[in-house]
file coords-v6.cif (mmCIF, C-alpha atoms and all ligand atoms)
data_protein
loop_
_atom_site.group_PDB
_atom_site.id
_atom_site.type_symbol
_atom_site.label_atom_id
_atom_site.label_comp_id
_atom_site.auth_asym_id
_atom_site.auth_seq_id
_atom_site.Cartn_x
_atom_site.Cartn_y
_atom_site.Cartn_z
ATOM 1 C CA LYS A 1 81.975 96.051 101.605
ATOM 2 C CA ARG A 2 81.103 96.657 105.247
ATOM 3 C CA VAL A 3 83.333 99.361 106.713
ATOM 4 C CA GLY A 4 84.005 100.259 110.349
ATOM 5 C CA VAL A 5 85.377 103.764 110.868
ATOM 6 C CA LEU A 6 87.609 104.565 113.851
ATOM 7 C CA ILE A 7 87.762 108.163 115.078
ATOM 8 C CA SER A 8 89.116 110.107 118.054
ATOM 9 C CA GLY A 9 87.554 113.530 117.578
ATOM 10 C CA ARG A 10 85.733 115.785 115.154
ATOM 11 C CA GLY A 11 85.141 113.075 112.583
ATOM 12 C CA SER A 12 84.914 115.202 109.453
ATOM 13 C CA ASN A 13 86.625 112.502 107.371
ATOM 14 C CA MET A 14 84.202 109.916 108.795
ATOM 15 C CA ARG A 15 81.318 112.156 107.692
ATOM 16 C CA ALA A 16 82.786 112.410 104.195
ATOM 17 C CA LEU A 17 83.106 108.607 104.078
ATOM 18 C CA VAL A 18 79.445 108.214 105.084
ATOM 19 C CA GLU A 19 78.081 110.914 102.795
ATOM 20 C CA ARG A 20 80.051 109.892 99.717
ATOM 21 C CA ALA A 21 79.920 106.112 100.174
ATOM 22 C CA GLN A 22 79.964 104.168 96.905
ATOM 23 C CA GLY A 23 80.579 100.428 96.812
ATOM 24 C CA TYR A 24 80.921 100.289 100.584
ATOM 25 C CA GLU A 25 78.773 101.047 103.618
ATOM 26 C CA VAL A 26 79.800 102.493 106.995
ATOM 27 C CA VAL A 27 78.185 100.025 109.413
ATOM 28 C CA VAL A 28 79.757 101.197 112.681
ATOM 29 C CA VAL A 29 81.710 104.191 113.993
ATOM 30 C CA ALA A 30 84.039 103.413 116.890
ATOM 31 C CA SER A 31 86.058 105.716 119.120
ATOM 32 C CA ASP A 32 88.647 105.536 121.875
ATOM 33 C CA LYS A 33 87.225 108.857 123.098
ATOM 34 C CA PRO A 34 83.638 108.440 124.352
ATOM 35 C CA ASP A 35 83.059 112.207 123.957
ATOM 36 C CA ALA A 36 84.305 112.408 120.344
ATOM 37 C CA ALA A 37 82.083 114.866 118.451
ATOM 38 C CA GLY A 38 81.843 112.524 115.471
ATOM 39 C CA LEU A 39 80.057 109.880 117.558
ATOM 40 C CA ALA A 40 77.055 112.141 118.154
ATOM 41 C CA TRP A 41 76.776 112.829 114.431
ATOM 42 C CA ALA A 42 76.866 109.097 113.641
ATOM 43 C CA ARG A 43 74.205 108.347 116.268
ATOM 44 C CA GLU A 44 71.943 111.039 114.823
ATOM 45 C CA ARG A 45 72.289 109.332 111.456
ATOM 46 C CA GLY A 46 71.323 105.995 112.997
ATOM 47 C CA ILE A 47 74.767 104.486 112.509
ATOM 48 C CA PRO A 48 75.729 102.088 115.325
ATOM 49 C CA THR A 49 78.567 103.395 117.484
ATOM 50 C CA PHE A 50 81.072 101.863 119.864
ATOM 51 C CA ALA A 51 82.977 103.924 122.408
ATOM 52 C CA LEU A 52 85.377 102.790 125.061
ATOM 53 C CA SER A 53 88.313 104.482 126.735
ATOM 54 C CA PRO A 54 91.480 102.363 126.861
ATOM 55 C CA LYS A 55 92.475 104.360 129.941
ATOM 56 C CA GLU A 56 89.759 102.672 131.930
ATOM 57 C CA ILE A 57 90.447 99.048 131.093
ATOM 58 C CA GLY A 58 93.943 98.974 129.577
ATOM 59 C CA LYS A 59 94.956 98.621 125.957
ATOM 60 C CA PRO A 60 94.707 94.822 125.509
ATOM 61 C CA ALA A 61 91.162 94.671 126.925
ATOM 62 C CA TYR A 62 90.188 97.764 124.948
ATOM 63 C CA GLU A 63 91.456 96.301 121.673
ATOM 64 C CA ALA A 64 89.810 92.954 122.367
ATOM 65 C CA ALA A 65 86.467 94.696 122.922
ATOM 66 C CA LEU A 66 86.958 96.823 119.810
ATOM 67 C CA ASP A 67 87.802 93.744 117.755
ATOM 68 C CA ARG A 68 84.698 91.976 119.051
ATOM 69 C CA ALA A 69 82.447 94.971 118.279
ATOM 70 C CA LEU A 70 83.793 95.209 114.727
ATOM 71 C CA ARG A 71 83.287 91.489 114.133
ATOM 72 C CA GLU A 72 79.770 91.605 115.583
ATOM 73 C CA CYS A 73 78.980 94.273 112.988
ATOM 74 C CA GLU A 74 80.503 91.975 110.343
ATOM 75 C CA VAL A 75 83.041 94.629 109.389
ATOM 76 C CA GLU A 76 85.245 93.650 106.456
ATOM 77 C CA LEU A 77 87.412 96.751 106.275
ATOM 78 C CA ILE A 78 88.547 99.282 108.899
ATOM 79 C CA ALA A 79 89.024 102.942 107.958
ATOM 80 C CA LEU A 80 90.982 105.069 110.420
ATOM 81 C CA ALA A 81 89.841 108.692 110.267
ATOM 82 C CA GLY A 82 91.608 110.944 112.733
ATOM 83 C CA TYR A 83 92.140 107.947 115.017
ATOM 84 C CA MET A 84 94.952 109.175 117.230
ATOM 85 C CA ARG A 85 95.994 105.926 118.862
ATOM 86 C CA LEU A 86 98.463 103.299 117.655
ATOM 87 C CA LEU A 87 96.918 99.902 117.040
ATOM 88 C CA SER A 88 98.975 97.047 118.459
ATOM 89 C CA ASP A 89 100.985 94.781 116.149
ATOM 90 C CA GLU A 90 98.635 91.967 117.070
ATOM 91 C CA PHE A 91 95.525 93.934 116.092
ATOM 92 C CA VAL A 92 97.140 94.980 112.808
ATOM 93 C CA ALA A 93 98.138 91.369 112.087
ATOM 94 C CA ASN A 94 94.570 90.174 112.734
ATOM 95 C CA TRP A 95 93.259 92.648 110.155
ATOM 96 C CA ARG A 96 96.197 92.516 107.760
ATOM 97 C CA GLY A 97 95.518 94.270 104.453
ATOM 98 C CA ARG A 98 92.114 95.369 105.726
ATOM 99 C CA ILE A 99 92.951 98.611 107.564
ATOM 100 C CA VAL A 100 93.350 101.922 105.738
ATOM 101 C CA ASN A 101 94.245 105.360 107.101
ATOM 102 C CA ILE A 102 94.287 108.942 105.912
ATOM 103 C CA HIS A 103 97.358 110.987 106.738
ATOM 104 C CA PRO A 104 97.733 114.751 106.202
ATOM 105 C CA SER A 105 101.005 114.749 104.249
ATOM 106 C CA LEU A 106 102.376 113.518 100.952
ATOM 107 C CA LEU A 107 103.723 110.195 102.213
ATOM 108 C CA PRO A 108 106.445 109.039 102.544
ATOM 109 C CA LYS A 109 107.181 112.596 103.700
ATOM 110 C CA TYR A 110 106.237 113.665 107.239
ATOM 111 C CA LYS A 111 105.001 110.565 108.968
ATOM 112 C CA GLY A 112 103.666 111.178 112.466
ATOM 113 C CA LEU A 113 102.431 114.442 113.946
ATOM 114 C CA HIS A 114 102.630 118.182 113.081
ATOM 115 C CA THR A 115 102.825 117.508 109.350
ATOM 116 C CA HIS A 116 101.732 120.997 108.246
ATOM 117 C CA ALA A 117 104.166 122.870 110.484
ATOM 118 C CA ARG A 118 106.972 120.606 109.282
ATOM 119 C CA ALA A 119 106.111 121.122 105.588
ATOM 120 C CA ILE A 120 106.006 124.926 106.022
ATOM 121 C CA GLU A 121 109.203 124.890 108.079
ATOM 122 C CA ALA A 122 110.971 122.909 105.340
ATOM 123 C CA GLY A 123 109.983 125.512 102.732
ATOM 124 C CA ASP A 124 107.953 123.013 100.689
ATOM 125 C CA ARG A 125 105.752 124.414 97.900
ATOM 126 C CA GLN A 126 103.355 121.481 97.988
ATOM 127 C CA ALA A 127 101.577 119.696 100.801
ATOM 128 C CA GLY A 128 98.748 117.189 100.654
ATOM 129 C CA CYS A 129 97.199 114.044 101.995
ATOM 130 C CA SER A 130 97.618 110.319 101.497
ATOM 131 C CA VAL A 131 95.468 107.241 101.993
ATOM 132 C CA HIS A 132 97.523 104.180 102.826
ATOM 133 C CA LEU A 133 97.285 100.614 104.078
ATOM 134 C CA VAL A 134 98.091 100.263 107.761
ATOM 135 C CA THR A 135 101.019 98.059 108.756
ATOM 136 C CA GLU A 136 103.033 97.780 111.968
ATOM 137 C CA GLU A 137 105.155 100.726 110.803
ATOM 138 C CA LEU A 138 103.566 104.120 111.625
ATOM 139 C CA ASP A 139 102.147 105.711 108.444
ATOM 140 C CA GLY A 140 104.301 103.224 106.536
ATOM 141 C CA GLY A 141 102.041 100.924 104.473
ATOM 142 C CA GLU A 142 101.371 100.960 100.731
ATOM 143 C CA VAL A 143 100.080 104.330 99.518
ATOM 144 C CA LEU A 144 96.728 103.911 97.754
ATOM 145 C CA GLY A 145 96.189 107.514 96.695
ATOM 146 C CA ARG A 146 97.404 111.071 97.268
ATOM 147 C CA THR A 147 96.222 114.611 96.589
ATOM 148 C CA GLU A 148 98.574 117.590 96.361
ATOM 149 C CA VAL A 149 97.637 121.103 97.442
ATOM 150 C CA PRO A 150 99.778 124.230 97.157
ATOM 151 C CA ILE A 151 101.466 125.826 100.149
ATOM 152 C CA LEU A 152 100.984 129.599 99.906
ATOM 153 C CA PRO A 153 103.559 132.093 101.196
ATOM 154 C CA GLU A 154 101.192 133.416 103.877
ATOM 155 C CA ASP A 155 100.154 129.960 105.111
ATOM 156 C CA THR A 156 100.164 129.038 108.773
ATOM 157 C CA PRO A 157 99.787 125.410 109.883
ATOM 158 C CA ASP A 158 96.081 126.172 110.474
ATOM 159 C CA THR A 159 95.324 127.670 107.056
ATOM 160 C CA LEU A 160 97.242 124.868 105.376
ATOM 161 C CA ALA A 161 95.421 122.254 107.465
ATOM 162 C CA GLU A 162 92.096 123.656 106.270
ATOM 163 C CA ARG A 163 93.110 123.385 102.600
ATOM 164 C CA VAL A 164 94.468 119.866 103.073
ATOM 165 C CA LEU A 165 91.343 118.790 104.991
ATOM 166 C CA ALA A 166 89.108 119.777 102.077
ATOM 167 C CA ALA A 167 91.288 117.577 99.857
ATOM 168 C CA GLU A 168 91.080 114.738 102.402
ATOM 169 C CA HIS A 169 87.282 114.779 102.245
ATOM 170 C CA GLU A 170 87.424 114.265 98.488
ATOM 171 C CA LEU A 171 90.307 111.768 98.439
ATOM 172 C CA TYR A 172 89.278 109.334 101.177
ATOM 173 C CA PRO A 173 85.841 108.237 99.857
ATOM 174 C CA ARG A 174 87.207 108.023 96.319
ATOM 175 C CA VAL A 175 90.187 105.848 97.269
ATOM 176 C CA LEU A 176 88.055 103.644 99.513
ATOM 177 C CA SER A 177 85.619 103.041 96.650
ATOM 178 C CA GLU A 178 88.529 102.125 94.383
ATOM 179 C CA PHE A 179 90.057 99.897 97.043
ATOM 180 C CA VAL A 180 86.900 97.851 97.656
ATOM 181 C CA SER A 181 86.513 97.181 93.954
ATOM 182 C CA ARG A 182 90.081 96.103 93.280
HETATM 183 C C1 LIG B 1 92.772 114.819 109.630
HETATM 184 O O1 LIG B 1 93.555 115.864 109.130
HETATM 185 C C2 LIG B 1 93.492 113.507 109.517
HETATM 186 O O2 LIG B 1 94.227 113.381 108.343
HETATM 187 C C3 LIG B 1 94.407 113.597 110.695
HETATM 188 O O3 LIG B 1 93.617 114.148 111.724
HETATM 189 C C4 LIG B 1 92.596 114.936 111.140
HETATM 190 C C5 LIG B 1 91.287 114.384 111.610
HETATM 191 O O4 LIG B 1 90.202 115.216 111.299
HETATM 192 N N1 LIG B 1 95.004 112.331 111.017
HETATM 193 P P1 LIG B 1 88.720 114.665 111.372
HETATM 194 O O5 LIG B 1 88.528 114.057 112.763
HETATM 195 O O6 LIG B 1 88.525 113.648 110.296
HETATM 196 O O7 LIG B 1 87.857 115.858 111.195
#
call {"tool": "encode", "arguments": {"input": "coords-v6.cif", "output": "structure tokens", "more": "lines below"}}
Ligand code: GRF
result
Amino acid sequence: KRVGVLISGRGSNMRALVERAQGYEVVVVASDKPDAAGLAWARERGIPTFALSPKEIGKPAYEAALDRALRECEVELIALAGYMRLLSDEFVANWRGRIVNIHPSLLPKYKGLHTHARAIEAGDRQAGCSVHLVTEELDGGEVLGRTEVPILPEDTPDTLAERVLAAEHELYPRVLSEFVSR
């Protein structure tokens, strides 16, 4: 399967998807942030990139251009990886069942932002990450796979984020491989 990865920043999950690809191929990396660090890495690897800021042209025009770029690359599946922008209902409907995301919590717990601080605050003993299908509901689609990691007594949101991120890098490529072969 031909996969397009959408990022907004560092892109460490995108790198894991590229480096551990099995049964799929990352054919384009796209970003809503033209200065996203992950874009430079993808370019160095010879992976086509697409970058456009919605601020400059407005969200509908941005999404139309993104959609066009993905289709030109014959993308069959979109993987969100630290993509910090909500896709419109229309975009999601056009790609129904073909957008996946990784979220740094054990869904359905802690949708949205600041997941690690919220898990620590709640006194949870376990945190983790989830890969799920993207629907119109934020972080709400079918969960395809999850990994649990312990929360240690001395954890801060940053130390927990680091542990969860390592689990994300293992989970995302594995679940994507499973998903494309199901
Ligand atoms: C990851 O923790 C992801 O789950 C969250 O944002 C972070 C992105 O990191 N949504 P990276 O850009 O993949 O390094």
call {"tool": "residues_near_ligand", "arguments": {"input": "coords-v6.cif", "ligand": "ligand LIG 1 (chain B)", "cutoff": "8 Å", "atoms": "all atoms listed in the file", "output": "JSON, numbers by chain"}}
result
{"A": [7, 8, 9, 10, 11, 12, 13, 14, 15, 38, 81, 82, 83, 84, 102, 103, 104, 129, 161, 164, 165, 168]}
call {"tool": "closest_residue", "arguments": {"input": "coords-v6.cif", "among": "A:Leu6, A:Val26, A:Val100, A:Ala16", "to": "Asp67 (chain A)", "atoms": "only C-alpha atoms"}}
result
A:Leu6
call {"tool": "resolve_selection", "arguments": {"input": "coords-v6.cif", "expression": "the PyMOL selection byres (((chain A and resi 131) around 8) and not hetatm)", "output": "NGL selection string"}}
result
:A and (100-103 or 129-130 or 132-133 or 143-146 or 171-172 or 175)
call {"tool": "write_last_selection", "arguments": {"input": "coords-v6.cif", "atoms": "C-alpha atoms", "output": "CSV table (one decimal), in the coordinates of the input"}}
result
chain,number,residue,atom,x,y,z
A,100,VAL,CA,93.4,101.9,105.7
A,101,ASN,CA,94.2,105.4,107.1
A,102,ILE,CA,94.3,108.9,105.9
A,103,HIS,CA,97.4,111.0,106.7
A,129,CYS,CA,97.2,114.0,102.0
A,130,SER,CA,97.6,110.3,101.5
A,132,HIS,CA,97.5,104.2,102.8
A,133,LEU,CA,97.3,100.6,104.1
A,143,VAL,CA,100.1,104.3,99.5
A,144,LEU,CA,96.7,103.9,97.8
A,145,GLY,CA,96.2,107.5,96.7
A,146,ARG,CA,97.4,111.1,97.3
A,171,LEU,CA,90.3,111.8,98.4
A,172,TYR,CA,89.3,109.3,101.2
A,175,VAL,CA,90.2,105.8,97.3
call {"tool": "atom_distance", "arguments": {"input": "coords-v6.cif", "atom1": "CA of Lys109 (chain A)", "atom2": "CA of Glu90 (chain A)"}}
result
26.0 Å
call {"tool": "resolve_selection", "arguments": {"input": "coords-v6.cif", "expression": "the PyMOL selection byres (((chain A and resi 20-25) around 7) and not hetatm)", "output": "ChimeraX atom specification"}}
result
/A:1-3,16-19,26-27,173,177,180
call {"tool": "write_last_selection", "arguments": {"input": "coords-v6.cif", "atoms": "C-alpha atoms", "output": "PDB file, keeping the file's coordinate frame"}}
result
ATOM      1  CA  LYS A   1      81.975  96.051 101.605  1.00  0.00           C
ATOM      2  CA  ARG A   2      81.103  96.657 105.247  1.00  0.00           C
ATOM      3  CA  VAL A   3      83.333  99.361 106.713  1.00  0.00           C
ATOM      4  CA  ALA A  16      82.786 112.410 104.195  1.00  0.00           C
ATOM      5  CA  LEU A  17      83.106 108.607 104.078  1.00  0.00           C
ATOM      6  CA  VAL A  18      79.445 108.214 105.084  1.00  0.00           C
ATOM      7  CA  GLU A  19      78.081 110.914 102.795  1.00  0.00           C
ATOM      8  CA  VAL A  26      79.800 102.493 106.995  1.00  0.00           C
ATOM      9  CA  VAL A  27      78.185 100.025 109.413  1.00  0.00           C
ATOM     10  CA  PRO A 173      85.841 108.237  99.857  1.00  0.00           C
ATOM     11  CA  SER A 177      85.619 103.041  96.650  1.00  0.00           C
ATOM     12  CA  VAL A 180      86.900  97.851  97.656  1.00  0.00           C
TER      13      VAL A 180
END
call {"tool": "resolve_selection", "arguments": {"input": "coords-v6.cif", "expression": "the PyMOL selection byres (((chain A and resi 87) around 10) and not hetatm)", "output": "PyMOL selection string"}}
result
chain A and resi 59+63+83-86+88-93+134-136+138
call {"tool": "atom_distance", "arguments": {"input": "coords-v6.cif", "atom1": "CA of Arg43 (chain A)", "atom2": "CA of Ala30 (chain A)"}}
result
11.0 Å
call {"tool": "closest_residue", "arguments": {"input": "coords-v6.cif", "among": "A:Pro54, A:Gly141, A:Gly4, A:Gly123", "to": "Gly97 (chain A)", "atoms": "all atoms listed in the file"}}
result
A:Gly141
call {"tool": "closest_residue", "arguments": {"input": "coords-v6.cif", "among": "A:Leu66, A:Ile78, A:Cys73, A:Val149", "to": "Leu106 (chain A)", "atoms": "only C-alpha atoms"}}
result
A:Val149
call {"tool": "closest_residue", "arguments": {"input": "coords-v6.cif", "among": "A:Ser31, A:Thr156, A:Ser53, A:Gln126", "to": "His114 (chain A)", "atoms": "all atoms listed in the file"}}
result
A:Thr156
call {"tool": "atom_distance", "arguments": {"input": "coords-v6.cif", "atom1": "CA of Val5 (chain A)", "atom2": "CA of Thr147 (chain A)"}}
result
21.0 Å
call {"tool": "closest_residue", "arguments": {"input": "coords-v6.cif", "among": "A:Ile57, A:Leu39, A:Ile47, A:Leu160", "to": "Arg125 (chain A)", "atoms": "only C-alpha atoms"}}
result
A:Leu160
call {"tool": "closest_residue", "arguments": {"input": "coords-v6.cif", "among": "A:Ala69, A:Ala64, A:Arg98, A:Ala127", "to": "Pro48 (chain A)", "atoms": "all atoms listed in the file"}}
result
A:Ala69
call {"tool": "residues_around", "arguments": {"input": "coords-v6.cif", "residues": "Ala65 (chain A)", "least_positions_apart": "5", "cutoff": "10 Å", "atoms": "all atoms listed in the file", "output": "list in words"}}
result
Phe50, Ala51, Leu52, Pro54, Lys59, Pro60, Leu70 and Arg71 of chain A
